[in-house]
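Peer 1: My structure is in run09.txt, and what it holds is compact mmCIF, C-alpha atoms and all ligand atoms:
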```txt
# COMPACT_ATOMS: atom_id res chain seq x y z
CA MET W 1 -117.52 111.08 -134.41
CA ASP W 2 -116.78 114.79 -134.25
CA VAL W 3 -114.61 116.67 -131.80
CA ILE W 4 -117.10 119.45 -131.12
CA SER W 5 -119.58 117.03 -129.57
CA VAL W 6 -116.75 115.57 -127.41
CA ILE W 7 -115.80 119.08 -126.21
CA ARG W 8 -119.47 119.94 -125.55
CA ALA W 9 -119.98 116.71 -123.59
CA LYS W 10 -117.08 117.45 -121.24
CA ARG W 11 -118.04 121.12 -121.02
CA ASP W 12 -121.52 120.01 -119.88
CA ARG W 13 -120.06 117.57 -117.30
CA GLN W 14 -121.10 114.39 -119.12
CA PRO W 15 -118.73 111.42 -118.92
CA LEU W 16 -116.90 110.65 -122.18
CA THR W 17 -117.60 107.22 -123.67
CA ASP W 18 -114.81 104.73 -124.46
CA GLU W 19 -115.42 105.31 -128.19
CA GLN W 20 -115.17 109.09 -127.78
CA ILE W 21 -111.89 108.77 -125.86
CA ASP W 22 -110.26 106.28 -128.26
CA TRP W 23 -111.28 108.34 -131.27
CA THR W 24 -110.13 111.66 -129.73
CA ILE W 25 -106.64 110.44 -128.81
CA ASP W 26 -106.15 108.74 -132.16
CA ALA W 27 -107.47 111.68 -134.20
CA TYR W 28 -105.35 114.18 -132.24
CA THR W 29 -102.19 112.08 -132.72
CA ARG W 30 -102.89 111.90 -136.47
CA GLY W 31 -103.41 115.68 -136.67
CA GLU W 32 -107.12 115.46 -137.45
CA ILE W 33 -108.09 117.40 -134.30
CA ALA W 34 -106.62 120.91 -134.24
CA ASP W 35 -104.59 122.20 -131.28
CA GLU W 36 -107.24 124.83 -130.46
CA GLN W 37 -109.90 122.11 -130.23
CA MET W 38 -107.71 119.91 -128.03
CA SER W 39 -106.94 122.94 -125.81
CA ALA W 40 -110.67 123.51 -125.32
CA LEU W 41 -111.11 119.86 -124.36
CA ALA W 42 -108.10 119.94 -122.00
CA MET W 43 -109.54 123.03 -120.29
CA ALA W 44 -112.95 121.35 -119.96
CA ILE W 45 -111.21 118.31 -118.39
CA LEU W 46 -109.22 120.57 -116.05
CA LEU W 47 -112.41 122.32 -114.91
CA ASN W 48 -114.81 119.35 -114.80
CA GLY W 49 -112.51 116.39 -114.13
CA MET W 50 -112.74 112.78 -115.31
CA SER W 51 -114.00 109.65 -113.55
CA ARG W 52 -111.53 106.82 -112.78
CA ALA W 53 -113.01 104.87 -115.72
CA GLU W 54 -112.42 107.80 -118.09
CA VAL W 55 -108.82 108.27 -116.86
CA ALA W 56 -108.13 104.55 -117.33
CA ARG W 57 -109.43 104.60 -120.91
CA TRP W 58 -107.64 107.89 -121.71
CA THR W 59 -104.36 106.38 -120.44
CA ALA W 60 -104.85 103.14 -122.41
CA ALA W 61 -105.52 105.17 -125.58
CA MET W 62 -102.33 107.19 -125.07
CA ILE W 63 -100.31 103.99 -124.56
CA ALA W 64 -101.84 102.56 -127.76
CA SER W 65 -100.81 105.71 -129.69
CA GLY W 66 -97.19 104.45 -129.84
CA GLU W 67 -94.76 101.60 -129.27
CA ARG W 68 -94.23 99.56 -126.10
CA MET W 69 -90.74 98.66 -124.96
CA ASP W 70 -89.91 95.08 -124.09
CA PHE W 71 -87.28 94.21 -121.50
CA SER W 72 -88.08 90.51 -121.32
CA SER W 73 -84.63 89.65 -122.73
CA LEU W 74 -82.94 90.99 -119.56
CA SER W 75 -81.91 88.55 -116.85
CA ARG W 76 -82.68 91.03 -114.02
CA PRO W 77 -86.10 92.30 -112.90
CA THR W 78 -86.86 95.85 -114.09
CA THR W 79 -87.93 98.65 -111.77
CA ASP W 80 -88.26 102.39 -112.26
CA LYS W 81 -89.00 105.58 -110.35
CA HIS W 82 -90.87 108.65 -111.44
CA SER W 83 -90.98 111.94 -109.60
CA THR W 84 -93.72 114.47 -110.26
CA GLY W 85 -91.00 117.13 -110.19
CA GLY W 86 -89.51 119.30 -107.50
CA VAL W 87 -86.78 121.82 -106.79
CA GLY W 88 -83.33 120.35 -106.20
CA ASP W 89 -84.72 116.89 -107.04
CA LYS W 90 -81.58 115.12 -108.22
CA ILE W 91 -82.56 111.76 -106.71
CA THR W 92 -82.51 109.82 -110.00
CA LEU W 93 -78.75 110.41 -110.26
CA PRO W 94 -77.67 108.47 -107.15
CA LEU W 95 -80.77 106.21 -107.15
CA ALA W 96 -80.46 104.53 -110.58
CA PRO W 97 -76.87 103.27 -110.08
CA LEU W 98 -77.62 102.35 -106.45
CA VAL W 99 -80.57 100.12 -107.39
CA ALA W 100 -78.54 98.63 -110.26
CA ALA W 101 -75.76 97.84 -107.76
CA CYS W 102 -78.36 95.90 -105.73
CA GLY W 103 -79.27 93.62 -108.64
CA ALA W 104 -82.26 95.21 -110.43
CA ALA W 105 -82.33 96.80 -113.89
CA VAL W 106 -83.40 100.48 -114.01
CA PRO W 107 -84.61 101.80 -117.38
CA GLN W 108 -85.01 105.53 -116.68
CA LEU W 109 -86.50 107.27 -119.70
CA SER W 110 -86.38 110.89 -118.61
CA GLY W 111 -87.30 114.33 -119.80
CA ARG W 112 -85.82 117.80 -119.86
CA GLY W 113 -86.80 120.57 -117.49
CA LEU W 114 -89.45 123.08 -118.37
CA GLY W 115 -90.43 125.81 -115.92
CA HIS W 116 -89.10 125.92 -112.37
CA THR W 117 -88.30 122.20 -111.90
CA GLY W 118 -85.07 120.87 -113.38
CA GLY W 119 -84.80 117.98 -115.82
CA THR W 120 -82.66 114.91 -115.16
CA LEU W 121 -81.23 114.94 -118.71
CA ASP W 122 -80.17 118.59 -118.38
CA LYS W 123 -78.34 117.71 -115.17
CA LEU W 124 -76.48 114.75 -116.67
CA GLU W 125 -75.63 116.72 -119.81
CA SER W 126 -73.43 118.96 -117.67
CA ILE W 127 -71.00 115.99 -117.48
CA PRO W 128 -68.51 116.43 -120.35
CA GLY W 129 -69.23 113.98 -123.20
CA TRP W 130 -72.42 112.47 -121.73
CA ARG W 131 -75.09 111.68 -124.35
CA ALA W 132 -78.85 111.55 -123.61
CA SER W 133 -80.04 110.17 -126.97
CA LEU W 134 -79.61 106.43 -127.42
CA SER W 135 -81.21 104.10 -129.95
CA ASN W 136 -83.35 101.31 -128.47
CA PRO W 137 -80.59 98.67 -129.01
CA GLU W 138 -77.99 101.01 -127.39
CA MET W 139 -80.29 101.56 -124.44
CA LEU W 140 -80.83 97.83 -123.96
CA GLY W 141 -77.07 97.30 -124.24
CA VAL W 142 -76.31 99.78 -121.41
CA LEU W 143 -79.09 98.33 -119.29
CA ASP W 144 -77.77 94.82 -119.77
CA GLU W 145 -74.13 95.75 -119.14
CA VAL W 146 -74.48 98.27 -116.28
CA GLY W 147 -77.98 97.64 -114.90
CA ALA W 148 -79.06 101.28 -115.19
CA VAL W 149 -79.61 103.66 -118.07
CA VAL W 150 -80.89 107.23 -117.98
CA CYS W 151 -81.74 108.51 -121.44
CA ALA W 152 -84.23 110.53 -123.48
CA ALA W 153 -87.55 108.81 -124.17
CA GLY W 154 -87.77 108.07 -127.91
CA ASP W 155 -90.41 109.72 -130.11
CA GLY W 156 -92.27 106.43 -130.44
CA LEU W 157 -93.31 106.21 -126.78
CA ALA W 158 -96.84 107.59 -126.12
CA PRO W 159 -96.68 110.19 -128.95
CA ALA W 160 -100.19 111.39 -128.01
CA ASP W 161 -98.82 112.51 -124.64
CA ARG W 162 -95.81 114.22 -126.20
CA LYS W 163 -98.14 116.38 -128.30
CA LEU W 164 -100.71 116.93 -125.57
CA TYR W 165 -98.17 117.78 -122.85
CA ALA W 166 -96.58 120.47 -125.05
CA LEU W 167 -100.06 121.91 -125.67
CA ARG W 168 -101.04 121.82 -121.97
CA ASP W 169 -97.81 123.59 -121.11
CA VAL W 170 -98.83 126.67 -123.12
CA THR W 171 -102.57 126.65 -122.37
CA GLY W 172 -102.63 126.64 -118.55
CA THR W 173 -103.90 123.06 -118.44
CA VAL W 174 -101.01 121.20 -116.78
CA GLU W 175 -102.48 121.20 -113.25
CA SER W 176 -105.25 118.65 -113.74
CA ILE W 177 -105.05 115.38 -111.79
CA PRO W 178 -106.55 113.18 -114.56
CA LEU W 179 -104.28 114.76 -117.19
CA ILE W 180 -101.11 114.54 -115.06
CA ALA W 181 -101.84 110.93 -114.00
CA SER W 182 -102.58 109.73 -117.54
CA SER W 183 -99.57 111.61 -118.95
CA ILE W 184 -97.09 110.11 -116.50
CA MET W 185 -98.54 106.61 -116.44
CA SER W 186 -98.96 106.26 -120.21
CA LYS W 187 -95.20 106.81 -120.62
CA LYS W 188 -94.21 104.57 -117.72
CA ILE W 189 -96.50 101.71 -118.76
CA ALA W 190 -95.37 101.97 -122.42
CA GLU W 191 -91.76 101.93 -121.19
CA GLY W 192 -92.36 98.35 -120.05
CA THR W 193 -91.00 98.41 -116.49
CA GLY W 194 -92.10 95.53 -114.26
CA SER W 195 -92.50 97.71 -111.16
CA LEU W 196 -92.68 101.41 -110.49
CA VAL W 197 -92.24 103.73 -107.52
CA LEU W 198 -93.82 107.16 -107.76
CA ASP W 199 -92.39 110.08 -105.81
CA VAL W 200 -95.34 112.45 -105.55
CA LYS W 201 -94.12 115.82 -104.33
CA VAL W 202 -96.26 117.98 -102.05
CA GLY W 203 -95.73 121.65 -101.23
CA SER W 204 -94.97 125.04 -102.78
CA GLY W 205 -92.31 123.69 -105.17
CA ALA W 206 -94.59 120.91 -106.52
CA PHE W 207 -97.63 120.65 -108.80
CA MET W 208 -99.63 119.40 -105.81
CA LYS W 209 -99.63 122.09 -103.13
CA ASP W 210 -101.52 120.11 -100.44
CA LEU W 211 -101.76 116.54 -99.12
CA PRO W 212 -105.34 115.75 -100.24
CA SER W 213 -104.58 116.55 -103.90
CA ALA W 214 -101.24 114.68 -103.73
CA ARG W 215 -103.07 111.66 -102.28
CA GLU W 216 -105.60 111.76 -105.08
CA LEU W 217 -102.89 111.99 -107.77
CA ALA W 218 -100.92 109.17 -106.12
CA SER W 219 -103.88 106.83 -105.78
CA THR W 220 -105.01 107.50 -109.37
CA MET W 221 -101.54 106.61 -110.67
CA VAL W 222 -101.13 103.57 -108.39
CA GLU W 223 -104.47 102.24 -109.64
CA LEU W 224 -103.55 102.85 -113.31
CA GLY W 225 -100.21 101.06 -112.92
CA THR W 226 -101.74 98.14 -111.04
CA ASP W 227 -104.51 97.72 -113.64
CA HIS W 228 -101.83 97.45 -116.34
CA GLY W 229 -99.87 94.78 -114.48
CA VAL W 230 -97.10 97.11 -113.22
CA ARG W 231 -96.46 96.71 -109.46
CA THR W 232 -96.86 100.37 -108.41
CA VAL W 233 -96.54 102.22 -105.09
CA ALA W 234 -96.20 105.92 -104.33
CA LEU W 235 -94.42 107.92 -101.64
CA LEU W 236 -95.74 111.40 -100.88
CA THR W 237 -92.69 113.55 -100.11
CA ASP W 238 -92.21 117.09 -98.85
CA MET W 239 -91.49 119.81 -101.39
CA SER W 240 -92.19 122.90 -99.30
CA VAL W 241 -88.42 123.23 -98.82
CA PRO W 242 -86.07 122.38 -101.73
CA LEU W 243 -84.22 119.06 -101.58
CA GLY W 244 -80.58 118.99 -100.54
CA LEU W 245 -78.46 122.14 -100.79
CA THR W 246 -78.37 122.89 -104.54
CA ALA W 247 -80.66 123.53 -107.52
CA GLY W 248 -79.01 123.73 -110.94
CA ASN W 249 -77.53 121.24 -113.37
CA ALA W 250 -73.81 120.79 -112.59
CA LEU W 251 -74.40 121.83 -108.96
CA GLU W 252 -76.82 118.92 -108.54
CA VAL W 253 -74.46 116.45 -110.22
CA ARG W 254 -71.79 117.48 -107.71
CA GLU W 255 -74.18 116.90 -104.81
CA SER W 256 -75.26 113.52 -106.20
CA VAL W 257 -71.64 112.40 -106.46
CA GLU W 258 -71.19 113.42 -102.79
CA VAL W 259 -74.12 111.12 -101.90
CA LEU W 260 -72.59 108.28 -103.93
CA ALA W 261 -69.30 108.86 -102.10
CA GLY W 262 -71.07 108.26 -98.77
CA GLY W 263 -71.72 111.93 -97.81
CA GLY W 264 -74.23 114.50 -99.05
CA PRO W 265 -77.21 116.18 -97.41
CA ALA W 266 -79.27 114.00 -95.03
CA ASP W 267 -82.60 114.55 -96.82
CA VAL W 268 -81.17 113.49 -100.20
CA VAL W 269 -79.67 110.35 -98.63
CA GLU W 270 -82.92 109.55 -96.79
CA LEU W 271 -85.09 109.87 -99.90
CA THR W 272 -82.63 107.97 -102.10
CA LEU W 273 -82.64 105.04 -99.67
CA ALA W 274 -86.41 105.12 -99.13
CA LEU W 275 -87.07 105.01 -102.89
CA ALA W 276 -84.36 102.36 -103.40
CA ARG W 277 -86.02 100.10 -100.79
CA GLU W 278 -89.39 100.45 -102.51
CA MET W 279 -87.89 99.77 -105.95
CA LEU W 280 -86.05 96.70 -104.70
CA ALA W 281 -89.21 95.39 -103.02
CA GLY W 282 -91.12 95.92 -106.30
CA ALA W 283 -88.41 93.92 -108.09
CA GLY W 284 -88.62 91.08 -105.55
CA LEU W 285 -85.27 92.00 -103.97
CA GLU W 286 -86.57 93.15 -100.56
CA ASP W 287 -83.75 91.38 -98.70
CA VAL W 288 -81.01 93.50 -100.29
CA ASP W 289 -79.95 96.53 -98.19
CA PRO W 290 -79.23 99.57 -100.39
CA ALA W 291 -77.48 101.39 -97.50
CA GLU W 292 -74.67 98.80 -97.75
CA ALA W 293 -74.24 99.33 -101.49
CA LEU W 294 -74.01 103.07 -100.90
CA ALA W 295 -71.51 102.71 -98.06
CA ASP W 296 -69.17 100.18 -99.71
CA GLY W 297 -68.72 102.01 -103.03
CA ARG W 298 -70.72 99.64 -105.28
CA ALA W 299 -73.23 102.39 -106.10
CA MET W 300 -70.39 104.77 -107.04
CA ASP W 301 -68.82 102.08 -109.20
CA HIS W 302 -72.13 101.65 -111.07
CA TRP W 303 -72.47 105.43 -111.48
CA ARG W 304 -69.04 105.64 -113.12
CA ARG W 305 -69.84 102.77 -115.47
CA MET W 306 -73.24 104.24 -116.31
CA ILE W 307 -71.72 107.65 -117.17
CA ARG W 308 -68.92 106.09 -119.24
CA ALA W 309 -71.34 103.83 -121.14
CA GLN W 310 -73.05 106.99 -122.44
CA GLY W 311 -69.83 108.75 -123.48
CA GLY W 312 -69.34 110.80 -120.30
CA ASP W 313 -66.15 111.26 -118.32
CA PRO W 314 -66.94 110.79 -114.60
CA ASP W 315 -63.52 112.28 -113.69
CA ALA W 316 -63.80 115.46 -115.78
CA PRO W 317 -64.21 118.70 -113.83
CA LEU W 318 -67.83 119.88 -113.88
CA PRO W 319 -68.61 123.23 -115.49
CA GLU W 320 -68.80 126.22 -113.13
CA ALA W 321 -70.66 129.47 -113.72
CA ARG W 322 -68.52 132.52 -114.47
CA GLU W 323 -70.23 134.79 -111.91
CA ARG W 324 -71.47 134.38 -108.33
CA GLN W 325 -73.40 136.54 -105.92
CA GLN W 326 -74.23 135.89 -102.28
CA VAL W 327 -77.32 136.64 -100.22
CA THR W 328 -76.42 137.08 -96.55
CA ALA W 329 -78.42 136.82 -93.32
CA PRO W 330 -79.88 140.22 -92.33
CA ALA W 331 -79.66 139.44 -88.57
CA ASP W 332 -78.70 136.81 -86.00
CA GLY W 333 -81.51 134.26 -85.63
CA VAL W 334 -82.93 131.11 -87.15
CA LEU W 335 -83.63 130.49 -90.84
CA SER W 336 -87.41 130.23 -90.66
CA ARG W 337 -88.33 130.03 -94.34
CA LEU W 338 -86.70 128.84 -97.57
CA ASP W 339 -89.45 128.51 -100.12
CA ALA W 340 -88.97 125.73 -102.68
CA TYR W 341 -90.91 127.38 -105.50
CA ALA W 342 -89.00 130.67 -105.18
CA VAL W 343 -85.62 128.87 -105.17
CA GLY W 344 -86.69 126.91 -108.28
CA VAL W 345 -87.74 130.08 -110.10
CA ALA W 346 -84.48 131.82 -109.10
CA ALA W 347 -82.38 128.90 -110.44
CA TRP W 348 -84.41 128.95 -113.63
CA ARG W 349 -83.97 132.72 -114.05
CA LEU W 350 -80.22 132.36 -113.51
CA GLY W 351 -80.13 130.10 -116.60
CA ALA W 352 -80.47 126.59 -115.14
CA GLY W 353 -83.87 126.08 -116.80
CA ARG W 354 -85.59 127.04 -120.01
CA ALA W 355 -88.67 129.08 -120.88
CA ARG W 356 -89.19 127.39 -124.27
CA LYS W 357 -88.42 123.82 -125.32
CA GLU W 358 -85.73 124.93 -127.76
CA ASP W 359 -83.79 127.14 -125.26
CA ALA W 360 -80.31 126.07 -124.12
CA VAL W 361 -79.56 125.79 -120.40
CA GLN W 362 -76.41 126.94 -118.60
CA ALA W 363 -74.64 123.95 -117.06
CA GLY W 364 -73.14 125.93 -114.16
CA ALA W 365 -76.13 128.14 -113.29
CA GLY W 366 -78.26 127.68 -110.19
CA VAL W 367 -78.67 128.33 -106.48
CA GLU W 368 -76.78 126.90 -103.51
CA TRP W 369 -78.17 127.35 -100.01
CA HIS W 370 -75.89 127.16 -97.01
CA ALA W 371 -78.48 126.61 -94.26
CA ARG W 372 -81.78 124.76 -93.97
CA PRO W 373 -84.89 125.93 -92.12
CA GLY W 374 -84.48 125.53 -88.36
CA GLU W 375 -80.71 126.24 -88.41
CA ALA W 376 -79.18 129.11 -86.43
CA VAL W 377 -77.51 131.77 -88.59
CA ARG W 378 -75.39 134.85 -87.83
CA GLU W 379 -75.84 138.31 -89.32
CA GLY W 380 -73.78 138.63 -92.52
CA GLN W 381 -73.38 134.85 -92.95
CA PRO W 382 -73.95 133.70 -96.56
CA LEU W 383 -77.40 132.09 -96.87
CA LEU W 384 -77.45 131.60 -100.63
CA THR W 385 -74.96 131.70 -103.49
CA LEU W 386 -76.39 132.47 -106.91
CA HIS W 387 -74.45 131.15 -109.93
CA THR W 388 -74.75 132.30 -113.56
CA ASP W 389 -72.71 133.03 -116.69
CA THR W 390 -74.86 136.11 -117.36
CA PRO W 391 -74.70 138.53 -114.39
CA GLU W 392 -77.54 140.67 -115.74
CA ARG W 393 -79.78 137.83 -114.52
CA PHE W 394 -78.91 138.36 -110.82
CA GLU W 395 -81.48 141.09 -110.26
CA TYR W 396 -84.24 139.07 -111.91
CA ALA W 397 -83.35 136.01 -109.79
CA LEU W 398 -83.25 138.09 -106.59
CA GLY W 399 -86.75 139.32 -107.44
CA ALA W 400 -87.98 135.70 -107.30
CA LEU W 401 -86.44 135.31 -103.84
CA ASP W 402 -88.13 138.39 -102.39
CA GLY W 403 -89.94 137.26 -99.20
CA ALA W 404 -88.93 133.62 -99.78
CA VAL W 405 -85.98 133.51 -97.37
CA GLU W 406 -86.64 134.68 -93.80
CA VAL W 407 -84.57 134.85 -90.63
CA ASP W 408 -86.49 134.99 -87.34
CA PRO W 409 -84.35 136.75 -84.67
CA SER W 410 -86.47 135.41 -81.79
CA ALA W 411 -86.87 131.73 -82.81
CA GLU W 412 -84.99 128.81 -81.23
CA ALA W 413 -82.83 126.62 -83.45
CA ARG W 414 -84.32 123.13 -83.90
CA GLU W 415 -83.15 119.74 -85.05
CA ALA W 416 -83.21 119.03 -88.78
CA SER W 417 -86.84 118.74 -89.78
CA THR W 418 -88.71 115.46 -89.75
CA SER W 419 -88.63 112.88 -92.52
CA VAL W 420 -89.12 114.03 -96.13
CA VAL W 421 -91.35 110.97 -96.67
CA LEU W 422 -94.86 111.97 -95.55
CA GLU W 423 -97.02 109.00 -96.60
CA ARG W 424 -97.04 105.79 -98.63
CA VAL W 425 -99.82 104.86 -101.04
CA SER W 426 -100.12 101.23 -102.17
CA PRO W 427 -102.84 99.38 -104.12
N1 LIG S 501 -94.97 115.17 -115.92
C1 LIG S 501 -95.53 114.57 -116.99
O1 LIG S 501 -94.92 113.74 -117.63
N2 LIG S 501 -96.78 114.90 -117.32
C2 LIG S 501 -97.52 115.79 -116.64
O2 LIG S 501 -98.64 116.03 -116.98
C3 LIG S 501 -96.91 116.43 -115.53
C4 LIG S 501 -95.64 116.09 -115.19
```
Could you render the structure from this file as C-alpha cells?
Peer 2:
Amino acid sequence: MDVISVIRAKRDRQPLTDEQIDWTIDAYTRGEIADEQMSALAMAILLNGMSRAEVARWTAAMIASGERMDFSSLSRPTTDKHSTGGVGDKITLPLAPLVAACGAAVPQLSGRGLGHTGGTLDKLESIPGWRASLSNPEMLGVLDEVGAVVCAAGDGLAPADRKLYALRDVTGTVESIPLIASSIMSKKIAEGTGSLVLDVKVGSGAFMKDLPSARELASTMVELGTDHGVRTVALLTDMSVPLGLTAGNALEVRESVEVLAGGGPADVVELTLALAREMLAGAGLEDVDPAEALADGRAMDHWRRMIRAQGGDPDAPLPEARERQQVTAPADGVLSRLDAYAVGVAAWRLGAGRARKEDAVQAGAGVEWHARPGEAVREGQPLLTLHTDTPERFEYALGALDGAVEVDPSAEAREASTSVVLERVSP
C-alpha cells in the first residue's frame, strides 16, 4: 500500500477501499505518512466527500487507533452530550451535574477552545483550583462518587483524530462533514458512553451555516453512533445569535451558576432542559423530570461536589478582567442583529480564546450583551460590555463587531425569539 495511490484515488473521486482506509489511519498514527501527504488527502476528502460506508470505516479505524474506556463497573447508566461548538455555549456546565442529579452518570471528556468557539475546560479552569487532567482511575472515582466528571480526554483516546484534527486546523480542512462526523464520533464511541445526545449548531456562529448541511452532519453522526451500539440522537439548535448573555470563560461560569441557582437566561435554561431530557431518555430514565432537579437545588448540589472533587472551590470569587469598555445603542429602536460569529471572534480577540494550541487564555476576558434581538433599546443604553486584561485589544475586538450589532429605529419590539431547538434527528 502506498499513500500516493490513496491520495490519487480520492482526488479522482474513487471510493477508498476498507484496506486503504485501515492502512492510512494506522500508518498516519505511526508517523509513516507525512503531514503534507495527509493534508493532501484531507483536502481531497473535503472537496470530493466520502460515502457513508467510507465514513463508517474511517471512524472505526480511528477508534481502533487507541484505547476504549470501559464504564461497565458503574452502577448507573452512562450518557453524554457533544456540541459541535458555538458562541456562548456553556451548556455542559449546568447540564452534566443536572443529569447526574437525575440518576445517570455523565463522563464528559472535553477539549479546549481553538478559534472563535470557547472550550469547556478553559471555562472550568477559571474556577480557582479546578483541575482538568485526571488519570483514568481518578476520573472513574469522580464519576462513581458524584455522577458527573468533566475532564481532558487522555492521549490514548483516538490518537489518530488528535493528530489529524490538529493538521486540519492549520490546513483549511476542518469544514468537511465526513471529517467532522468521524472526528467527533471516534472520540465519543471510544469514550464508552452508553448513549449520546448531539447538539448540532446551525447558523453564523457554527461550523454548519445552514439547515441542510446541519441535517446531513447530524444524520451521519447518529448513524455512526447507532452502528456502534451507542443510542444516539441529535438536536439541531440555533447558533445565528449567541447563547445566553455572555461569551468568555469566567463570565460563562457565572451565567451557568445562575442557571443552577434557578435563574439565568431563558435560552440557556431551555436548551439545558431539552438536552437533559434527551440524555435521560437515552439512559432509560425518561420518567425523571430534570426541571425539578434544577428547581429544588439538587443540580446545584451536584455542581458543587463535581467542582470540589476536581480541586476547585465553588465558593471562590471568579476572576474578573482588569479593563472594561461598553458599546452603546446609537439610537432608540429595536436590537435587530447580534451576530454570533462576530461576538465569538470579539471574545477571542479580547483574550478569551487562543490562536495556537499552546497560548494561554485570560479567565476574565470576553463579551457580555445586555439585550437580545427583538428587544427595545434606548439611545446611549449599553448594548455590550467588553472585558479584557489587555486594553490594547479593545480596538481589535471592536473591529470584529463592525456591522454585527444593529439597532433598527423603525422596528417593533417582539417577544423573545422562538425555541433554540430547531429539529430532532433520531435513527
Ligand atoms: N470537533 C471535533 O472534535 N472534531 C471536528 O472535526 C470538529 C469539531
Peer 1: As a ChimeraX atom specification, please: the residues near Asp332 (chain W) (cut-off 8 Å, all atoms listed in the file, same-chain neighbours under 2 positions excluded).
Peer 2: /W:329-330,334,376-379,407,409
Peer 1: Can you write out as JSON lines which residues of region 53-79 of chain W fall within 10 Å of region 29-37 of chain W, alongside each residue's closest atom pair and its distance in Å to one decimal, counting all atoms listed in the file and ordering rows by chain and ascending residue number?
Peer 2:
```
{"residue": "W:Met62", "atom": "CA", "partner": "W:Thr29", "partner_atom": "CA", "distance": 9.1}
{"residue": "W:Ser65", "atom": "CA", "partner": "W:Thr29", "partner_atom": "CA", "distance": 7.2}
{"residue": "W:Gly66", "atom": "CA", "partner": "W:Thr29", "partner_atom": "CA", "distance": 9.6}
```
Peer 1: Gln20 (chain W): which residues within 8 Å, counting only C-alpha atoms, same-chain residues fewer than 3 positions away excluded, as a PyMOL selection string?
Peer 2: chain W and resi 1+6+16-17+23-24
Peer 1: With 3 Å added on each side, what axis-aligned box encloses every listed atom of ligand LIG 501 (chain S)? Give the centre and edge lengths in Å to one decimal, as AutoDock Vina command-line options.
Peer 2:
```
--center_x -96.8 --center_y 115.1 --center_z -116.4 --size_x 9.7 --size_y 8.7 --size_z 8.4
```
Peer 1: Could I get the residue neighbourhood of ligand LIG 501 (chain S) at 6 Å, counting all atoms listed in the file, as a compact mmCIF listing (two decimals) with C-alpha atoms, in the coordinates of the input?
Peer 2:
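The file below, part-v1.txt, is the result:
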```txt
# COMPACT_ATOMS: atom_id res chain seq x y z
CA THR W 84 -93.72 114.47 -110.26
CA VAL W 174 -101.01 121.20 -116.78
CA LEU W 179 -104.28 114.76 -117.19
CA ILE W 180 -101.11 114.54 -115.06
CA SER W 183 -99.57 111.61 -118.95
CA ILE W 184 -97.09 110.11 -116.50
```
Peer 1: Where does region 205-273 of chain W meet region 94-107 of chain W within 7 Å, residue by residue, with the nearest atom pair and distance in Å to one decimal for each, counting all atoms listed in the file, listed by chain and rising number, as CSV?
Peer 2:
```
residue,atom,partner,partner_atom,distance
W:Ser256,CA,W:Pro94,CA,5.7
W:Val259,CA,W:Pro94,CA,6.9
W:Leu260,CA,W:Pro94,CA,6.0
W:Thr272,CA,W:Leu95,CA,5.7
```
Peer 1: Using CA of Gly141 (chain W) and CA of Leu280 (chain W) as the two end points, give the distance in Å to one decimal.
Peer 2: 21.5 Å
Peer 1: Show me, as a list in words, the residues that have an atom within 9 Å of Ala214 (chain W) when counting all atoms listed in the file, minus same-chain residues fewer than 4 positions from it.
Peer 2: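 My reading of the contact set: Ile177, Val200, Lys201, Val202, Phe207, Met208, Lys209, Asp210, Ala218, Ser219 and Leu236 of chain W.
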Peer 1: CA of Leu198 (chain W) and CA of Arg57 (chain W), how far apart in Å?
Peer 2: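 It comes out at 20.6 Å.
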Peer 1: Report as a CSV table (one decimal) with C-alpha atoms, in the coordinates of the input all protein, DNA and RNA residues lying within 8 Å of region 122-135 of chain W, evaluated on only C-alpha atoms, omitting residues in the same chain fewer than 6 positions from it.
Peer 2:
```csv
chain,number,residue,atom,x,y,z
W,112,ARG,CA,-85.8,117.8,-119.9
W,113,GLY,CA,-86.8,120.6,-117.5
W,150,VAL,CA,-80.9,107.2,-118.0
W,151,CYS,CA,-81.7,108.5,-121.4
W,152,ALA,CA,-84.2,110.5,-123.5
W,154,GLY,CA,-87.8,108.1,-127.9
W,248,GLY,CA,-79.0,123.7,-110.9
W,249,ASN,CA,-77.5,121.2,-113.4
W,250,ALA,CA,-73.8,120.8,-112.6
W,252,GLU,CA,-76.8,118.9,-108.5
W,253,VAL,CA,-74.5,116.4,-110.2
W,307,ILE,CA,-71.7,107.6,-117.2
W,308,ARG,CA,-68.9,106.1,-119.2
W,310,GLN,CA,-73.0,107.0,-122.4
W,311,GLY,CA,-69.8,108.8,-123.5
W,312,GLY,CA,-69.3,110.8,-120.3
W,313,ASP,CA,-66.2,111.3,-118.3
W,314,PRO,CA,-66.9,110.8,-114.6
W,316,ALA,CA,-63.8,115.5,-115.8
W,318,LEU,CA,-67.8,119.9,-113.9
W,319,PRO,CA,-68.6,123.2,-115.5
W,361,VAL,CA,-79.6,125.8,-120.4
W,363,ALA,CA,-74.6,124.0,-117.1
W,364,GLY,CA,-73.1,125.9,-114.2
```
Peer 1: Can you work out which one of W:Arg322, W:Arg356, W:Arg277, W:Arg372 has the shortest atom-to-atom distance to Ser240 (chain W), counting all atoms listed in the file?
Peer 2: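 Ranking W:Arg322, W:Arg356, W:Arg277, W:Arg372 by distance to Ser240 (chain W), first place goes to W:Arg372.
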Peer 1: Report, in Å to a single decimal, how far apart CA of Val197 (chain W) and CA of Pro212 (chain W) are.
Peer 2: 19.2 Å
Peer 1: Measuring between only C-alpha atoms, which one of W:Ala342, W:Ile91, W:Ala148, W:Ala158 shows the shortest distance to Asp199 (chain W)?
Peer 2: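 For Asp199 (chain W), the nearest of the given residues is W:Ile91.
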Peer 1: Ranking W:Thr171, W:Thr117, W:Ser195, W:Gln381 by minimum distance to Gly86 (chain W) and counting all atoms listed in the file, which one comes first?
Peer 2: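 Result for the nearest residue to Gly86 (chain W): W:Thr117.
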